[in-house]
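A.B. asks: What follows is start_7.cif, made up of mmCIF, C-alpha atoms:
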```cif
data_final
loop_
_atom_site.label_atom_id
_atom_site.label_comp_id
_atom_site.auth_asym_id
_atom_site.auth_seq_id
_atom_site.Cartn_x
_atom_site.Cartn_y
_atom_site.Cartn_z
CA MET A 170 18.18 13.49 -24.99
CA THR A 171 19.15 12.74 -28.58
CA LEU A 172 16.58 12.61 -31.35
CA GLU A 173 17.11 8.83 -31.54
CA GLU A 174 16.28 8.40 -27.85
CA LEU A 175 13.26 10.66 -28.20
CA ILE A 176 11.94 8.65 -31.13
CA SER A 177 12.61 5.40 -29.33
CA LYS A 178 10.60 6.63 -26.32
CA PHE A 179 7.85 7.79 -28.64
CA GLN A 180 7.71 4.29 -30.12
CA GLN A 181 7.32 2.95 -26.56
CA LYS A 182 4.23 5.19 -26.29
CA ASP A 183 5.87 7.80 -24.10
CA GLU A 184 3.46 10.73 -23.99
CA LYS A 185 6.12 13.32 -23.19
CA ALA A 186 8.25 12.17 -26.13
CA PHE A 187 5.23 12.47 -28.38
CA GLU A 188 4.67 16.02 -27.20
CA SER A 189 8.33 16.90 -27.82
CA LEU A 190 8.17 15.54 -31.35
CA TYR A 191 4.92 17.39 -31.92
CA ASN A 192 6.56 20.63 -30.85
CA MET A 193 9.51 19.93 -33.18
CA TYR A 194 7.52 19.09 -36.31
CA SER A 195 3.94 20.35 -36.02
CA ASP A 196 4.67 23.74 -37.60
CA SER A 197 6.33 22.04 -40.56
CA MET A 198 3.47 19.61 -40.99
CA GLN A 199 0.94 22.39 -40.74
CA GLY A 200 2.83 24.33 -43.41
CA VAL A 201 2.91 21.34 -45.73
CA ILE A 202 -0.74 20.47 -45.11
CA TYR A 203 -1.97 24.03 -45.41
CA ASN A 204 -0.03 24.46 -48.64
CA ILE A 205 -2.03 21.57 -50.08
CA VAL A 206 -5.51 22.18 -48.64
CA ARG A 207 -5.35 26.02 -48.38
CA ASP A 208 -7.89 26.18 -45.56
CA HIS A 209 -6.84 26.71 -41.97
CA ASN A 210 -9.68 24.72 -40.39
CA VAL A 211 -9.21 21.82 -42.77
CA ALA A 212 -5.45 21.98 -42.24
CA GLU A 213 -5.87 21.71 -38.47
CA GLU A 214 -8.27 18.83 -38.87
CA VAL A 215 -5.85 16.98 -41.13
CA MET A 216 -2.90 17.68 -38.85
CA GLN A 217 -4.78 16.28 -35.89
CA ASP A 218 -5.40 13.10 -37.88
CA VAL A 219 -1.73 12.95 -38.92
CA PHE A 220 -0.33 13.00 -35.40
CA ILE A 221 -2.94 10.57 -34.11
CA LYS A 222 -2.05 8.23 -36.95
CA ALA A 223 1.66 8.66 -36.19
CA TRP A 224 1.02 7.69 -32.57
CA HIS A 225 -0.90 4.58 -33.52
CA LYS A 226 1.58 3.35 -36.13
CA ALA A 227 4.71 4.52 -34.30
CA GLU A 228 6.17 1.03 -34.26
CA THR A 229 6.19 0.89 -38.06
CA TYR A 230 8.86 3.57 -38.19
CA SER A 231 12.45 2.41 -38.54
CA SER A 232 15.49 4.69 -38.81
CA GLU A 233 16.90 2.37 -41.48
CA LYS A 234 14.03 3.30 -43.77
CA GLY A 235 14.63 7.04 -43.48
CA ARG A 236 14.53 10.12 -41.32
CA PHE A 237 11.71 10.52 -38.79
CA PHE A 238 10.97 13.92 -40.34
CA THR A 239 10.61 12.26 -43.72
CA TRP A 240 8.34 9.58 -42.25
CA ILE A 241 5.89 12.02 -40.70
CA LEU A 242 6.19 14.34 -43.73
CA ASN A 243 4.97 11.46 -45.86
CA ILE A 244 2.01 10.82 -43.58
CA ALA A 245 1.12 14.51 -43.65
CA ARG A 246 1.37 14.92 -47.43
CA ASN A 247 -0.66 11.80 -48.09
CA ALA A 248 -3.34 12.79 -45.58
CA ALA A 249 -3.61 16.27 -47.07
CA ILE A 250 -3.77 14.98 -50.64
CA ASP A 251 -6.40 12.40 -49.60
CA LYS A 252 -8.39 15.26 -48.14
CA THR A 253 -8.34 17.22 -51.41
CA ARG A 254 -9.65 14.13 -53.19
CA SER A 255 -12.61 13.68 -50.82
CA LYS A 256 -16.07 14.45 -52.14
CA ASN A 257 -16.86 17.21 -49.66
CA PHE A 258 -13.56 18.94 -50.27
CA LYS A 259 -13.95 18.92 -54.02
CA LYS A 260 -17.37 20.54 -53.71
CA SER A 261 -16.16 23.42 -51.59
CA LYS A 262 -12.84 23.88 -53.36
CA GLN A 263 -13.68 23.59 -57.01
CA ASN A 264 -10.73 25.63 -58.01
CA LEU A 265 -7.70 23.89 -56.54
CA TYR A 266 -4.73 26.12 -55.97
CA THR A 267 -1.86 25.73 -58.31
CA ASP A 268 0.09 28.32 -56.35
CA PHE A 269 3.38 27.57 -54.73
CA PHE A 270 4.22 27.69 -51.03
CA VAL A 271 5.86 31.04 -51.57
CA ASP A 272 2.43 32.61 -52.08
CA ILE A 273 1.63 31.81 -48.46
CA LEU A 274 4.78 33.53 -47.35
CA GLU A 275 3.96 36.57 -49.41
CA THR A 276 0.34 36.99 -48.37
CA SER A 277 -0.04 39.70 -45.77
CA ASP A 278 -3.11 38.23 -44.03
CA SER A 279 -1.13 35.67 -42.10
CA LEU A 280 -3.15 35.00 -38.97
CA ASP A 281 -0.82 34.70 -36.03
CA ASN A 282 2.20 36.52 -37.42
CA LYS A 283 4.81 34.08 -36.29
CA THR A 284 7.99 36.09 -36.06
CA ASP A 285 10.20 33.16 -36.95
CA ALA A 286 8.16 32.41 -40.07
CA ILE A 287 8.17 36.03 -41.10
CA GLY A 288 11.94 36.20 -40.75
CA ILE A 289 12.42 33.14 -42.92
CA SER A 290 9.86 34.12 -45.50
CA LYS A 291 11.80 37.28 -46.23
CA PHE A 292 14.71 35.19 -47.41
CA VAL A 293 12.79 32.35 -48.96
CA SER A 294 10.86 34.73 -51.17
CA LYS A 295 14.17 35.63 -52.71
CA LEU A 296 14.82 32.05 -53.85
CA ALA A 297 15.06 31.73 -57.56
CA LYS A 298 11.82 30.66 -59.23
CA LYS A 299 13.42 27.48 -60.52
CA CYS A 300 14.28 26.62 -56.92
CA ILE A 301 10.80 27.39 -55.64
CA GLU A 302 9.31 25.07 -58.25
CA VAL A 303 11.54 22.12 -57.50
CA ILE A 304 11.30 22.52 -53.69
CA GLU A 305 7.54 22.82 -53.95
CA LEU A 306 7.20 19.59 -55.88
CA LEU A 307 9.77 17.46 -54.04
CA TYR A 308 9.09 18.54 -50.48
CA PHE A 309 5.66 20.14 -50.28
CA LYS A 310 3.87 17.89 -52.76
CA GLY A 311 5.87 14.69 -52.41
CA TYR A 312 6.59 14.24 -56.10
CA THR A 313 9.17 11.70 -57.11
CA GLN A 314 12.25 12.79 -59.03
CA LYS A 315 10.70 11.35 -62.18
CA GLU A 316 7.32 13.03 -61.66
CA ALA A 317 9.06 16.36 -61.05
CA SER A 318 11.15 15.98 -64.18
CA GLU A 319 7.97 15.42 -66.18
CA VAL A 320 6.12 18.38 -64.68
CA LEU A 321 9.08 20.71 -65.06
CA ASP A 322 10.06 19.18 -68.39
CA MET A 323 13.72 18.61 -67.58
CA PRO A 324 15.99 15.55 -67.29
CA ILE A 325 15.94 13.53 -64.03
CA GLY A 326 19.63 14.23 -63.41
CA THR A 327 19.04 17.96 -63.70
CA ILE A 328 16.31 17.80 -61.03
CA LYS A 329 18.77 16.15 -58.69
CA THR A 330 21.57 18.68 -59.09
CA ARG A 331 19.27 21.68 -59.24
CA ASN A 332 17.58 20.56 -56.03
CA ARG A 333 20.99 20.13 -54.45
CA ASN A 334 21.95 23.71 -55.34
CA CYS A 335 18.60 25.14 -54.28
CA ILE A 336 18.76 23.46 -50.86
CA LYS A 337 22.31 24.76 -50.52
CA GLU A 338 20.97 28.24 -51.14
CA LEU A 339 18.14 27.68 -48.66
CA ARG A 340 20.60 26.48 -46.03
CA SER A 341 22.66 29.58 -46.40
CA MET A 342 19.51 31.63 -45.86
CA VAL A 343 17.86 29.89 -42.93
CA LEU A 344 20.77 28.34 -41.05
CA SER A 345 22.97 30.96 -39.55
CA MET B 63 34.40 5.91 -51.87
CA ASP B 64 34.47 9.62 -52.60
CA ILE B 65 32.38 11.05 -49.79
CA ASN B 66 32.36 14.56 -51.24
CA ALA B 67 31.16 13.41 -54.65
CA TYR B 68 28.46 11.36 -52.94
CA ILE B 69 27.28 14.39 -50.99
CA GLU B 70 27.44 16.67 -54.04
CA SER B 71 25.37 14.23 -56.12
CA GLY B 72 22.21 15.52 -54.39
CA ILE B 73 21.12 12.09 -53.21
CA LEU B 74 20.95 13.26 -49.58
CA GLU B 75 18.42 15.99 -50.43
CA LEU B 76 16.25 13.38 -52.14
CA TYR B 77 16.76 11.11 -49.10
CA VAL B 78 15.21 13.75 -46.84
CA ALA B 79 12.43 14.39 -49.39
CA GLY B 80 11.57 10.70 -49.17
CA THR B 81 11.75 9.97 -52.89
CA LEU B 82 14.48 7.31 -52.79
CA SER B 83 13.86 3.58 -53.08
CA GLU B 84 13.94 1.39 -49.99
CA LYS B 85 17.33 0.02 -51.05
CA GLU B 86 18.79 3.51 -51.51
CA ASN B 87 17.39 4.61 -48.16
CA LYS B 88 19.17 1.74 -46.40
CA GLU B 89 22.40 2.56 -48.22
CA VAL B 90 22.29 6.20 -47.11
CA TYR B 91 21.49 5.11 -43.57
CA GLU B 92 24.53 2.83 -43.45
CA LEU B 93 26.82 5.48 -44.90
CA MET B 94 25.55 7.95 -42.30
CA GLN B 95 26.65 5.56 -39.56
CA GLN B 96 30.12 5.24 -41.09
CA HIS B 97 30.74 8.85 -42.16
CA PRO B 98 29.94 11.65 -39.74
CA GLU B 99 30.17 14.23 -42.55
CA ILE B 100 27.31 12.52 -44.40
CA LEU B 101 25.22 12.48 -41.22
CA GLN B 102 26.03 16.14 -40.65
CA GLU B 103 24.97 16.99 -44.20
CA VAL B 104 21.65 15.16 -43.77
CA LEU B 105 20.99 16.94 -40.47
CA GLU B 106 21.56 20.33 -42.06
CA ILE B 107 19.36 19.60 -45.05
CA GLU B 108 16.64 18.38 -42.74
CA SER B 109 16.97 21.38 -40.45
CA ALA B 110 16.66 23.81 -43.36
CA LEU B 111 13.58 22.02 -44.64
CA VAL B 112 11.95 21.91 -41.19
CA LYS B 113 12.32 25.66 -41.04
CA LEU B 114 11.14 26.22 -44.60
CA THR B 115 8.01 24.11 -44.24
CA ALA B 116 7.28 25.61 -40.83
CA SER B 117 7.34 29.08 -42.34
CA ALA B 118 4.28 28.12 -44.40
CA SER B 119 2.17 27.26 -41.34
CA GLN B 120 1.71 30.83 -40.05
CA LYS B 121 -0.78 29.78 -37.42
CA ASP B 122 -0.45 28.78 -33.83
CA ASN B 123 -1.37 25.12 -33.39
CA SER B 124 -0.96 24.48 -29.64
CA HIS B 125 -4.72 23.98 -29.30
CA VAL B 126 -4.46 21.18 -31.88
CA LEU B 127 -2.05 19.41 -29.52
CA GLN B 128 -4.63 19.62 -26.73
CA ASN B 129 -7.24 18.04 -29.01
CA ILE B 130 -4.82 15.29 -30.01
CA LYS B 131 -3.86 14.56 -26.40
CA GLN B 132 -7.49 14.38 -25.45
CA SER B 133 -8.47 12.02 -28.23
CA LEU B 134 -5.43 9.83 -27.46
CA GLY B 135 -6.44 9.79 -23.79
CA PHE B 136 -3.21 11.30 -22.50
CA ASN B 137 -2.79 12.60 -19.00
CA THR B 138 -4.31 16.04 -19.17
CA ASN B 139 -4.19 18.77 -16.55
CA ILE B 140 -7.38 17.48 -14.98
CA VAL B 141 -5.77 14.13 -14.38
CA SER B 142 -2.61 15.69 -12.97
CA ILE B 143 -4.75 17.49 -10.39
CA VAL B 144 -6.44 14.23 -9.53
CA LYS B 145 -3.13 12.39 -9.21
CA PRO B 146 -1.89 13.90 -5.94
CA LYS B 147 -5.39 13.46 -4.60
CA TYR B 148 -5.13 9.79 -5.48
CA ASN B 149 -1.76 9.57 -3.73
CA TRP B 150 -3.17 11.34 -0.72
CA LEU B 151 -6.03 8.89 -0.64
CA THR B 152 -3.67 5.97 -0.99
CA TYR B 153 -1.46 7.07 1.86
CA THR B 154 -4.43 7.88 4.06
CA GLY B 155 -5.92 4.50 3.20
CA TRP B 156 -2.76 2.69 4.19
CA ALA B 157 -2.45 4.72 7.35
CA ALA B 158 -6.08 3.97 8.19
CA SER B 159 -5.65 0.24 7.66
CA ILE B 160 -2.52 0.19 9.84
CA VAL B 161 -4.38 2.05 12.58
CA LEU B 162 -7.30 -0.33 12.16
CA ALA B 163 -5.04 -3.40 12.32
CA ALA B 164 -3.32 -2.03 15.41
CA GLY B 165 -6.73 -1.31 16.92
CA LEU B 166 -7.91 -4.85 16.20
CA LEU B 167 -4.80 -6.34 17.78
CA TRP B 168 -5.28 -4.12 20.79
CA THR B 169 -8.93 -5.17 21.06
CA VAL B 170 -8.06 -8.87 20.80
CA ASN B 171 -5.39 -8.38 23.44
CA GLN B 172 -7.82 -6.48 25.65
CA ASN B 173 -10.40 -9.21 25.15
CA SER B 174 -8.08 -12.01 26.30
CA GLN B 175 -6.92 -9.79 29.15
CA LEU B 176 -10.51 -9.25 30.21
CA LYS B 177 -11.23 -12.96 29.91
CA SER B 178 -8.34 -13.81 32.23
CA ASP B 179 -9.47 -10.99 34.54
CA ILE B 180 -12.91 -12.60 34.66
CA GLN B 181 -11.35 -15.97 35.50
CA ILE B 182 -9.33 -14.41 38.28
CA SER B 183 -12.44 -12.66 39.55
CA GLU B 184 -14.40 -15.92 39.48
CA ILE B 185 -11.67 -17.68 41.45
CA LYS B 186 -11.58 -14.80 43.95
CA GLN B 187 -15.34 -14.92 44.19
CA SER B 188 -15.40 -18.63 44.93
CA LEU B 189 -12.65 -18.12 47.52
CA LEU B 190 -14.73 -15.39 49.13
CA GLU B 191 -17.77 -17.65 49.05
CA THR B 192 -15.76 -20.34 50.79
CA GLN B 193 -14.61 -17.82 53.37
CA ILE B 194 -18.20 -16.69 53.90
CA VAL B 195 -19.32 -20.29 54.36
CA ASN B 196 -16.43 -20.87 56.76
CA SER B 197 -17.29 -17.70 58.66
CA LYS B 198 -20.91 -18.78 58.86
CA ASN B 199 -19.81 -22.14 60.23
CA SER B 200 -17.52 -20.43 62.74
CA LEU B 201 -20.35 -18.13 63.71
CA GLU B 202 -22.66 -21.08 64.23
CA GLU B 203 -20.03 -22.81 66.33
CA ALA B 204 -19.50 -19.64 68.34
CA ASN B 205 -23.24 -19.25 68.80
CA THR B 206 -23.49 -22.85 69.93
CA LEU B 207 -20.65 -22.32 72.42
CA MET B 208 -22.29 -19.15 73.67
CA SER B 209 -25.55 -20.96 74.23
CA VAL B 210 -23.67 -23.75 76.01
CA LEU B 211 -21.87 -21.33 78.28
CA ARG B 212 -25.08 -19.51 79.18
CA ASP B 213 -27.15 -22.60 79.68
CA ASN B 214 -27.83 -23.28 83.37
CA ASN B 215 -28.44 -26.93 82.66
CA ILE B 216 -24.90 -27.38 81.53
CA ALA B 217 -22.38 -28.46 84.10
CA GLN B 218 -18.90 -27.01 84.07
CA ILE B 219 -16.15 -29.34 85.14
CA PRO B 220 -12.61 -28.00 85.37
CA LEU B 221 -9.94 -30.66 84.82
CA ALA B 222 -6.76 -29.93 86.73
CA GLY B 223 -3.25 -30.91 85.73
CA GLN B 224 -1.96 -34.10 87.34
CA GLY B 225 1.53 -35.12 88.48
CA ASP B 226 4.15 -34.22 85.93
CA PHE B 227 1.46 -32.38 83.93
CA ALA B 228 0.36 -30.03 86.70
CA ASN B 229 0.73 -27.01 84.47
CA THR B 230 -1.85 -28.36 82.04
CA TYR B 231 -5.57 -27.93 82.31
CA ALA B 232 -8.84 -28.48 80.47
CA LYS B 233 -12.52 -27.88 80.98
CA VAL B 234 -15.58 -29.94 80.20
CA TYR B 235 -19.04 -28.51 79.57
CA TRP B 236 -21.55 -31.29 79.99
CA ASP B 237 -24.96 -30.95 78.42
CA LYS B 238 -26.77 -33.81 80.06
CA ASN B 239 -29.97 -33.28 78.11
CA SER B 240 -28.23 -33.55 74.80
CA LYS B 241 -25.91 -36.26 76.11
CA ARG B 242 -22.78 -34.50 74.94
CA ILE B 243 -19.79 -32.70 76.29
CA PHE B 244 -17.75 -29.83 74.98
CA LEU B 245 -14.11 -30.26 75.87
CA ASP B 246 -12.01 -27.12 75.98
CA ALA B 247 -8.50 -28.49 75.61
CA LEU B 248 -6.62 -25.26 75.03
CA GLY B 249 -4.52 -25.90 78.14
CA LEU B 250 -3.02 -29.10 76.76
CA PRO B 251 0.24 -29.19 74.80
CA GLU B 252 0.33 -30.63 71.30
CA PRO B 253 0.62 -34.40 71.52
CA PRO B 254 3.95 -35.87 70.29
CA GLU B 255 3.96 -37.79 67.03
CA GLY B 256 2.29 -41.19 67.22
CA LYS B 257 0.32 -40.20 70.29
CA VAL B 258 -3.25 -38.94 70.80
CA TYR B 259 -5.24 -37.66 73.73
CA GLN B 260 -7.99 -39.98 74.85
CA VAL B 261 -10.97 -38.73 76.86
CA TRP B 262 -12.40 -40.85 79.62
CA SER B 263 -15.65 -40.83 81.54
CA LEU B 264 -15.11 -42.15 85.06
CA LYS B 265 -17.21 -43.75 87.70
CA LEU B 266 -15.50 -43.28 91.07
CA SER B 267 -16.68 -46.22 93.18
CA PRO B 268 -15.53 -48.48 91.98
CA LEU B 269 -13.20 -46.62 89.59
CA THR B 270 -14.48 -47.50 86.15
CA PRO B 271 -13.15 -45.65 83.12
CA THR B 272 -15.19 -45.54 79.92
CA SER B 273 -13.51 -44.25 76.78
CA LEU B 274 -15.27 -41.34 75.10
CA GLY B 275 -12.85 -41.51 72.18
CA THR B 276 -9.57 -40.06 71.00
CA ILE B 277 -9.02 -36.50 69.84
CA ASP B 278 -7.50 -37.15 66.44
CA THR B 279 -7.85 -33.57 65.15
CA PHE B 280 -6.13 -31.88 68.10
CA ILE B 281 -3.34 -30.18 66.12
CA ALA B 282 -5.57 -29.13 63.24
CA ASP B 283 -8.35 -27.72 65.39
CA GLU B 284 -8.10 -23.99 65.93
CA ASN B 285 -10.14 -23.28 69.04
CA LYS B 286 -9.31 -26.65 70.64
CA ILE B 287 -12.96 -27.17 71.59
CA PHE B 288 -14.24 -30.59 70.83
CA GLU B 289 -17.83 -31.83 70.89
CA ILE B 290 -18.01 -35.39 72.16
CA GLU B 291 -21.03 -37.64 72.80
CA ASN B 292 -21.45 -38.82 76.31
CA ALA B 293 -24.41 -40.89 77.43
CA ASN B 294 -22.69 -42.04 80.63
CA GLU B 295 -23.61 -41.15 84.19
CA SER B 296 -20.13 -39.64 84.54
CA GLU B 297 -18.71 -38.72 87.93
CA ALA B 298 -15.40 -37.48 86.65
CA PHE B 299 -13.57 -36.83 83.36
CA GLY B 300 -9.93 -37.53 82.56
CA ILE B 301 -7.57 -37.12 79.66
CA THR B 302 -4.62 -39.39 79.04
CA LEU B 303 -2.00 -39.52 76.32
CA GLU B 304 -2.23 -42.80 74.48
CA PRO B 305 -0.67 -44.39 71.42
CA ALA B 306 -2.45 -43.50 68.16
CA GLY B 307 -5.74 -45.36 67.91
CA GLY B 308 -6.35 -45.17 71.63
CA SER B 309 -6.23 -47.79 74.40
CA GLU B 310 -8.72 -50.12 76.10
CA SER B 311 -7.96 -48.64 79.49
CA PRO B 312 -6.25 -45.41 80.46
CA THR B 313 -2.49 -45.36 80.94
CA MET B 314 -2.39 -43.77 84.37
CA GLU B 315 1.24 -42.61 84.01
CA GLN B 316 0.11 -40.46 81.14
CA LEU B 317 -2.91 -38.95 82.92
CA TYR B 318 -2.75 -35.26 82.08
CA THR B 319 -5.83 -33.80 83.60
CA LEU B 320 -8.62 -34.98 85.81
CA GLY B 321 -11.74 -33.35 87.29
CA ALA B 322 -14.73 -34.59 89.26
CA VAL B 323 -18.31 -33.62 88.57
CA ALA B 324 -19.70 -31.54 91.38
CA SER B 325 -22.51 -33.46 93.03
CA SER B 326 -25.81 -31.70 92.55
#
```
For the structure just supplied, provide its representation as structure tokens.
C.D. replies:
Amino acid sequence: MTLEELISKFQQKDEKAFESLYNMYSDSMQGVIYNIVRDHNVAEEVMQDVFIKAWHKAETYSSEKGRFFTWILNIARNAAIDKTRSKNFKKSKQNLYTDFFVDILETSDSLDNKTDAIGISKFVSKLAKKCIEVIELLYFKGYTQKEASEVLDMPIGTIKTRNRNCIKELRSMVLS
Amino acid sequence: MDINAYIESGILELYVAGTLSEKENKEVYELMQQHPEILQEVLEIESALVKLTASASQKDNSHVLQNIKQSLGFNTNIVSIVKPKYNWLTYTGWAASIVLAAGLLWTVNQNSQLKSDIQISEIKQSLLETQIVNSKNSLEEANTLMSVLRDNNIAQIPLAGQGDFANTYAKVYWDKNSKRIFLDALGLPEPPEGKVYQVWSLKLSPLTPTSLGTIDTFIADENKIFEIENANESEAFGITLEPAGGSESPTMEQLYTLGAVASS
């Protein structure tokens, strides 16, 4: 079954298709969410909400508007960011992390020691710092090109080409 | 359009990040349909990012899926165990109703069968009742005959065959007290069509015949014994064959049998 067929079935409320898509993207969403909330329990809670939301608004997705991965990535980032803005969250996490996703990869207390993740993290840690910054902002945090250029204090066009080169580097690392 | 320059511009990476405008997104989508190399590029960018973001999860999340499935009301394992049970019940239910329907049909059939059996039995019963009544009547007749035969007061008069009818015979039992005779006509042939036997009481001097009536039921009667009233002071009895309805006086040519009463 192609990804298009899978998504189409998912939009027709096919439970098996939903489970397949969950298995394809849940690790990614958990990574993105955890990177923002930095709490495993909260991350799981948010992820649960994200996939339930995706199920309920499945019909709003259209391939013309973008990739399915991008669609659910958006839902996940927004849900995680909303969570960090909630009253309860602010109380418990006064000091919001400014760390990048790479810190997660480098910490040794990873809970379930996913072999695949460990293999990738070895390479990813070697990404240039300028790449880590731009990937963090554009993909993990959902910044726009303009927002990223402001934060990193560089022209919009530079963000675009640097990102291109960094993803190229990433591809050479993670895609055999 | 320079496909390579388009790819190298970095727009596809931003497309996957989701930072393009709606218009740009649609443009990339249409170009992907037209140029397989653009689609391929997007797929690889996406694949690399799926792996990168997944590497930050570091925690098994299969239990989260179970929670999600539960709260969405999906078919869980419990339901899948129940499902075959449901099917089993369904099939059994259908089987039971078919058996029940067949049973009902059989019962209805049996019922009508029994009803017709009852009708047949009733008819048989009434036939038997008729036979019993008939037997009773026959028995009464037989008893009457027995009493007649044993009664000393009853005179027995044999009637002998006459002339051309010498091989015929009859017998009269005369109960004078009851003023009746019993004619045993077994020795007479069946009368031809349009003819009947007529019984006569005779006085001998002078010869005076008195009709005792015709035997209209000769053929139908089984024992050929006929009870006839006779109040006459008879001296002899005779039987002639007469046209149907009988005659005023006996046709002597057709005198079958004749017998005189023995003088006491």
A.B. asks: Using only C-alpha atoms, find the one residue out of B:Ala110, B:Ile100, B:Met63, B:Val161 that sits nearest to chain A.
C.D. replies: B:Ala110
A.B. asks: Taking a cut-off of 6 Å and counting only C-alpha atoms, can you build a table that, for each residue of chain B near chain A, reports the nearest atom pair and how far apart they are in Å (one decimal), sorted by chain then residue number, as JSON lines?
C.D. replies:
```
{"residue": "B:Gly72", "atom": "CA", "partner": "A:Arg333", "partner_atom": "CA", "distance": 4.8}
{"residue": "B:Val78", "atom": "CA", "partner": "A:Thr239", "partner_atom": "CA", "distance": 5.8}
{"residue": "B:Ala79", "atom": "CA", "partner": "A:Tyr308", "partner_atom": "CA", "distance": 5.4}
{"residue": "B:Gly80", "atom": "CA", "partner": "A:Thr239", "partner_atom": "CA", "distance": 5.7}
{"residue": "B:Thr81", "atom": "CA", "partner": "A:Thr313", "partner_atom": "CA", "distance": 5.2}
{"residue": "B:Asn87", "atom": "CA", "partner": "A:Lys234", "partner_atom": "CA", "distance": 5.7}
{"residue": "B:Lys88", "atom": "CA", "partner": "A:Glu233", "partner_atom": "CA", "distance": 5.5}
{"residue": "B:Tyr91", "atom": "CA", "partner": "A:Glu233", "partner_atom": "CA", "distance": 5.7}
{"residue": "B:Ala110", "atom": "CA", "partner": "A:Arg340", "partner_atom": "CA", "distance": 5.5}
{"residue": "B:Val112", "atom": "CA", "partner": "A:Ser197", "partner_atom": "CA", "distance": 5.7}
{"residue": "B:Thr115", "atom": "CA", "partner": "A:Ser197", "partner_atom": "CA", "distance": 4.5}
{"residue": "B:Ala116", "atom": "CA", "partner": "A:Ser197", "partner_atom": "CA", "distance": 3.7}
{"residue": "B:Ser117", "atom": "CA", "partner": "A:Ala286", "partner_atom": "CA", "distance": 4.1}
{"residue": "B:Ala118", "atom": "CA", "partner": "A:Gly200", "partner_atom": "CA", "distance": 4.2}
{"residue": "B:Ser119", "atom": "CA", "partner": "A:Gly200", "partner_atom": "CA", "distance": 3.6}
{"residue": "B:Gln120", "atom": "CA", "partner": "A:Lys283", "partner_atom": "CA", "distance": 5.9}
{"residue": "B:Lys121", "atom": "CA", "partner": "A:Asp281", "partner_atom": "CA", "distance": 5.1}
{"residue": "B:Ile130", "atom": "CA", "partner": "A:Gln217", "partner_atom": "CA", "distance": 6.0}
```
A.B. asks: So which residues get picked by the PyMOL selection byres ((chain B and resi 292) around 8) here, written as a VMD selection string?
C.D. replies: chain B and resid 241 to 243 274 290 to 291 293 to 294
A.B. asks: Using only C-alpha atoms, can you tell me which of A:Leu190, A:Lys299, A:Val211, A:Ala227 comes closest to Asp251 in chain A?
C.D. replies: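 Closest to Asp251 in chain A of all the choices is A:Val211.
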A.B. asks: Can you tell me how far CA of Pro251 in chain B sits from CA of Leu303 in chain B, in Å to one decimal?
C.D. replies: 10.7 Å
A.B. asks: CA of Ser209 in chain B and CA of Trp236 in chain B are how many Å apart?
C.D. replies: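 Separating CA of Ser209 in chain B from CA of Trp236 in chain B is a distance of 12.5 Å.
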A.B. asks: Pick the closest to Pro271 in chain B from B:Glu70, B:Asn196, B:Leu248, B:Thr313: which is it, counting all atoms listed in the file?
C.D. replies: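 Of all the options, B:Thr313 lies closest to Pro271 in chain B.
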A.B. asks: Go ahead and compute the interatomic distance for CA of Ile107 in chain B and CA of Glu75 in chain B, in Å to one decimal.
C.D. replies: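 Computing it gives 6.5 Å between the two atoms.
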A.B. asks: Between A:Glu302, A:Met170, A:Leu321, A:Ile205, which one has atoms that come closest to Arg246 in chain A, using all atoms listed in the file?
C.D. replies: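 Of all the options, A:Ile205 lies closest to Arg246 in chain A.
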A.B. asks: Check the smallest atom-to-atom distance from each of A:Glu316, A:Gln180, A:Val206, A:Ser189 to Ser255 in chain A using all atoms listed in the file, then report the winner.
C.D. replies: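 Ranking A:Glu316, A:Gln180, A:Val206, A:Ser189 by distance to Ser255 in chain A, first place goes to A:Val206.
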